[in-house]
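Source file: entry.cif; contents: mmCIF, C-alpha atoms; chains and numbers go by the auth columns.
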data_run
#
loop_
_atom_site.group_PDB
_atom_site.id
_atom_site.type_symbol
_atom_site.label_atom_id
_atom_site.label_comp_id
_atom_site.label_asym_id
_atom_site.label_seq_id
_atom_site.Cartn_x
_atom_site.Cartn_y
_atom_site.Cartn_z
_atom_site.B_iso_or_equiv
_atom_site.auth_seq_id
_atom_site.auth_asym_id
ATOM 1 C CA MET A 1 17.218 55.410 -51.689 0.00 1 A
ATOM 2 C CA MET A 2 14.574 52.770 -52.490 0.00 2 A
ATOM 3 C CA ASN A 3 15.435 49.723 -54.532 0.00 3 A
ATOM 4 C CA ASP A 4 13.066 48.205 -57.094 0.00 4 A
ATOM 5 C CA ILE A 5 11.612 45.599 -54.717 0.00 5 A
ATOM 6 C CA GLU A 6 10.899 48.216 -52.071 0.00 6 A
ATOM 7 C CA LYS A 7 9.203 50.468 -54.653 0.00 7 A
ATOM 8 C CA MET A 8 7.103 47.565 -55.916 0.00 8 A
ATOM 9 C CA LEU A 9 6.054 46.571 -52.377 0.00 9 A
ATOM 10 C CA LYS A 10 5.164 50.195 -51.505 0.00 10 A
ATOM 11 C CA GLN A 11 3.039 50.481 -54.680 0.00 11 A
ATOM 12 C CA LEU A 12 1.353 47.159 -53.955 0.00 12 A
ATOM 13 C CA GLY A 13 0.705 48.314 -50.407 0.00 13 A
ATOM 14 C CA ARG A 14 -0.965 51.508 -51.650 0.00 14 A
ATOM 15 C CA LYS A 15 -3.096 49.576 -54.178 0.00 15 A
ATOM 16 C CA THR A 16 -4.296 47.207 -51.464 0.00 16 A
ATOM 17 C CA MET A 17 -4.789 50.024 -48.932 0.00 17 A
ATOM 18 C CA PHE A 18 -1.951 48.915 -46.617 0.00 18 A
ATOM 19 C CA ASP A 19 0.357 51.532 -45.222 0.00 19 A
ATOM 20 C CA VAL A 20 3.797 49.939 -45.043 0.00 20 A
ATOM 21 C CA SER A 21 6.112 51.911 -42.776 0.00 21 A
ATOM 22 C CA ASP A 22 9.857 52.228 -43.292 0.00 22 A
ATOM 23 C CA GLU A 23 10.355 50.177 -40.108 0.00 23 A
ATOM 24 C CA GLU A 24 8.262 47.298 -41.507 0.00 24 A
ATOM 25 C CA MET A 25 9.931 47.297 -44.915 0.00 25 A
ATOM 26 C CA PRO A 26 13.021 45.150 -44.090 0.00 26 A
ATOM 27 C CA ALA A 27 10.842 42.343 -42.691 0.00 27 A
ATOM 28 C CA LEU A 28 8.474 42.613 -45.673 0.00 28 A
ATOM 29 C CA ILE A 29 11.385 42.434 -48.118 0.00 29 A
ATOM 30 C CA GLU A 30 12.694 39.345 -46.310 0.00 30 A
ATOM 31 C CA GLU A 31 9.265 37.673 -46.535 0.00 31 A
ATOM 32 C CA TYR A 32 9.070 38.607 -50.215 0.00 32 A
ATOM 33 C CA ASN A 33 12.499 37.057 -50.870 0.00 33 A
ATOM 34 C CA VAL A 34 11.492 33.833 -49.092 0.00 34 A
ATOM 35 C CA PHE A 35 8.274 33.693 -51.122 0.00 35 A
ATOM 36 C CA MET A 36 10.147 34.251 -54.378 0.00 36 A
ATOM 37 C CA SER A 37 12.620 31.482 -53.520 0.00 37 A
ATOM 38 C CA HIS A 38 9.628 29.126 -53.169 0.00 38 A
ATOM 39 C CA VAL A 39 8.305 30.304 -56.541 0.00 39 A
ATOM 40 C CA GLN A 40 11.704 29.660 -58.125 0.00 40 A
ATOM 41 C CA ALA A 41 11.758 26.151 -56.648 0.00 41 A
ATOM 42 C CA LEU A 42 8.326 25.453 -58.132 0.00 42 A
ATOM 43 C CA GLU A 43 9.361 26.837 -61.520 0.00 43 A
ATOM 44 C CA ALA A 44 12.316 24.416 -61.550 0.00 44 A
ATOM 45 C CA ILE A 45 9.990 21.393 -61.510 0.00 45 A
ATOM 46 C CA ASP A 46 9.601 19.747 -64.913 0.00 46 A
ATOM 47 C CA THR A 47 5.873 19.506 -65.646 0.00 47 A
ATOM 48 C CA THR A 48 6.182 18.721 -69.342 0.00 48 A
ATOM 49 C CA ASP A 49 4.089 15.524 -69.360 0.00 49 A
ATOM 50 C CA VAL A 50 1.789 16.437 -66.468 0.00 50 A
ATOM 51 C CA GLU A 51 -1.833 17.120 -67.354 0.00 51 A
ATOM 52 C CA PRO A 52 -3.495 20.054 -65.611 0.00 52 A
ATOM 53 C CA LEU A 53 -6.042 19.140 -62.962 0.00 53 A
ATOM 54 C CA ALA A 54 -9.341 20.883 -62.337 0.00 54 A
ATOM 55 C CA PHE A 55 -9.360 19.423 -58.822 0.00 55 A
ATOM 56 C CA PRO A 56 -6.450 18.323 -56.628 0.00 56 A
ATOM 57 C CA TYR A 57 -7.851 14.789 -56.402 0.00 57 A
ATOM 58 C CA GLU A 58 -8.104 12.374 -59.296 0.00 58 A
ATOM 59 C CA ILE A 59 -10.715 10.204 -57.576 0.00 59 A
ATOM 60 C CA GLU A 60 -14.220 11.269 -56.695 0.00 60 A
ATOM 61 C CA THR A 61 -14.565 12.354 -53.100 0.00 61 A
ATOM 62 C CA THR A 62 -16.938 10.236 -51.071 0.00 62 A
ATOM 63 C CA TYR A 63 -17.009 12.107 -47.786 0.00 63 A
ATOM 64 C CA LEU A 64 -19.773 14.482 -48.896 0.00 64 A
ATOM 65 C CA ARG A 65 -23.290 13.344 -48.177 0.00 65 A
ATOM 66 C CA ASP A 66 -26.502 13.982 -50.069 0.00 66 A
ATOM 67 C CA ASP A 67 -28.755 16.635 -48.583 0.00 67 A
ATOM 68 C CA ASP A 68 -31.677 14.661 -47.218 0.00 68 A
ATOM 69 C CA GLU A 69 -34.463 16.609 -45.580 0.00 69 A
ATOM 70 C CA THR A 70 -35.078 14.955 -42.245 0.00 70 A
ATOM 71 C CA TYR A 71 -36.876 17.642 -40.281 0.00 71 A
ATOM 72 C CA VAL A 72 -38.242 20.854 -41.745 0.00 72 A
ATOM 73 C CA ILE A 73 -40.018 23.407 -39.577 0.00 73 A
ATOM 74 C CA SER A 74 -42.903 25.454 -40.871 0.00 74 A
ATOM 75 C CA ARG A 75 -42.484 29.052 -41.974 0.00 75 A
ATOM 76 C CA GLU A 76 -44.637 30.174 -39.065 0.00 76 A
ATOM 77 C CA ASP A 77 -42.397 28.376 -36.559 0.00 77 A
ATOM 78 C CA ALA A 78 -39.290 29.853 -38.175 0.00 78 A
ATOM 79 C CA LEU A 79 -40.687 33.391 -37.984 0.00 79 A
ATOM 80 C CA LYS A 80 -42.454 33.295 -34.616 0.00 80 A
ATOM 81 C CA ASN A 81 -39.446 34.513 -32.565 0.00 81 A
ATOM 82 C CA ALA A 82 -38.225 37.141 -35.055 0.00 82 A
ATOM 83 C CA LYS A 83 -38.387 40.756 -33.884 0.00 83 A
ATOM 84 C CA ASN A 84 -39.075 42.258 -37.302 0.00 84 A
ATOM 85 C CA ILE A 85 -40.897 40.419 -40.113 0.00 85 A
ATOM 86 C CA GLN A 86 -41.661 41.824 -43.564 0.00 86 A
ATOM 87 C CA ASP A 87 -43.223 39.864 -46.449 0.00 87 A
ATOM 88 C CA ASN A 88 -42.741 36.533 -44.613 0.00 88 A
ATOM 89 C CA GLN A 89 -39.018 37.235 -44.195 0.00 89 A
ATOM 90 C CA ILE A 90 -36.930 38.233 -41.191 0.00 90 A
ATOM 91 C CA LYS A 91 -35.879 41.845 -41.606 0.00 91 A
ATOM 92 C CA VAL A 92 -32.467 42.680 -40.147 0.00 92 A
ATOM 93 C CA PRO A 93 -30.581 45.971 -39.890 0.00 93 A
ATOM 94 C CA LYS A 94 -28.296 46.941 -42.765 0.00 94 A
ATOM 95 C CA VAL A 95 -24.719 45.901 -41.979 0.00 95 A
ATOM 96 C CA VAL A 96 -22.899 46.942 -45.156 0.00 96 A
ATOM 97 C CA GLY A 97 -22.412 50.624 -45.916 0.00 97 A
#
When written as structure tokens, how does the structure in this file appear?
Amino acid sequence: MMNDIEKMLKQLGRKTMFDVSDEEMPALIEEYNVFMSHVQALEAIDTTDVEPLAFPYEIETTYLRDDDETYVISREDALKNAKNIQDNQIKVPKVVG
């Protein structure tokens, strides 16, 4: 007989197109229980006076550089080795069904 957690995990598996076997279920339930214990630990933290952050850092990051064009090749040079060109663009085979 399936318990509620097992039913929920089976339904979630079907919705996300994962086939969870009966042999895999005990390990999945254990992982779920560990995850939920972490969630409970986070819920126990008092965040009453903590303002929400849009970014994890309060200071502006400085490691990103500005995009400076230093060397730009011509369109002709970019296309000269392409096997298939259409309307000044490289035409590639369809990869998504």
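The residues returned by the PyMOL selection byres ((chain A and resi 6) around 10) on the shown structure are Met1, Met2, Asn3, Asp4, Ile5, Lys7, Met8, Leu9, Lys10, Gln11, Leu12, Asp22, Met25, Pro26, Leu28, Ile29 and Tyr32 of chain A.
The two atoms in question, CA of Ile90 (chain A) and CA of Arg75 (chain A), are spaced 10.8 Å apart.
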Which value, in Å to one decimal, gives the distance between CA of Lys91 (chain A) and CA of Asp77 (chain A)?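 Going from CA of Lys91 (chain A) over to CA of Asp77 (chain A) covers 15.8 Å.
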Exactly which residues make up the result of the PyMOL selection byres ((chain A and resi 88) around 9) on this file, given as a ChimeraX atom specification? /A:75-76,79,85-87,89-90
So that I have them on file, write out the residues from the current selection with C-alpha atoms, as a PDB file, in the coordinates of the input.
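Result file again08.pdb:
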ATOM      1  CA  ARG A  75     -42.484  29.052 -41.974  1.00  0.00           C
ATOM      2  CA  GLU A  76     -44.637  30.174 -39.065  1.00  0.00           C
ATOM      3  CA  LEU A  79     -40.687  33.391 -37.984  1.00  0.00           C
ATOM      4  CA  ILE A  85     -40.897  40.419 -40.113  1.00  0.00           C
ATOM      5  CA  GLN A  86     -41.661  41.824 -43.564  1.00  0.00           C
ATOM      6  CA  ASP A  87     -43.223  39.864 -46.449  1.00  0.00           C
ATOM      7  CA  GLN A  89     -39.018  37.235 -44.195  1.00  0.00           C
ATOM      8  CA  ILE A  90     -36.930  38.233 -41.191  1.00  0.00           C
TER       9      ILE A  90
END
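What separates CA of Arg65 (chain A) from CA of Pro52 (chain A) is a distance of 27.2 Å.
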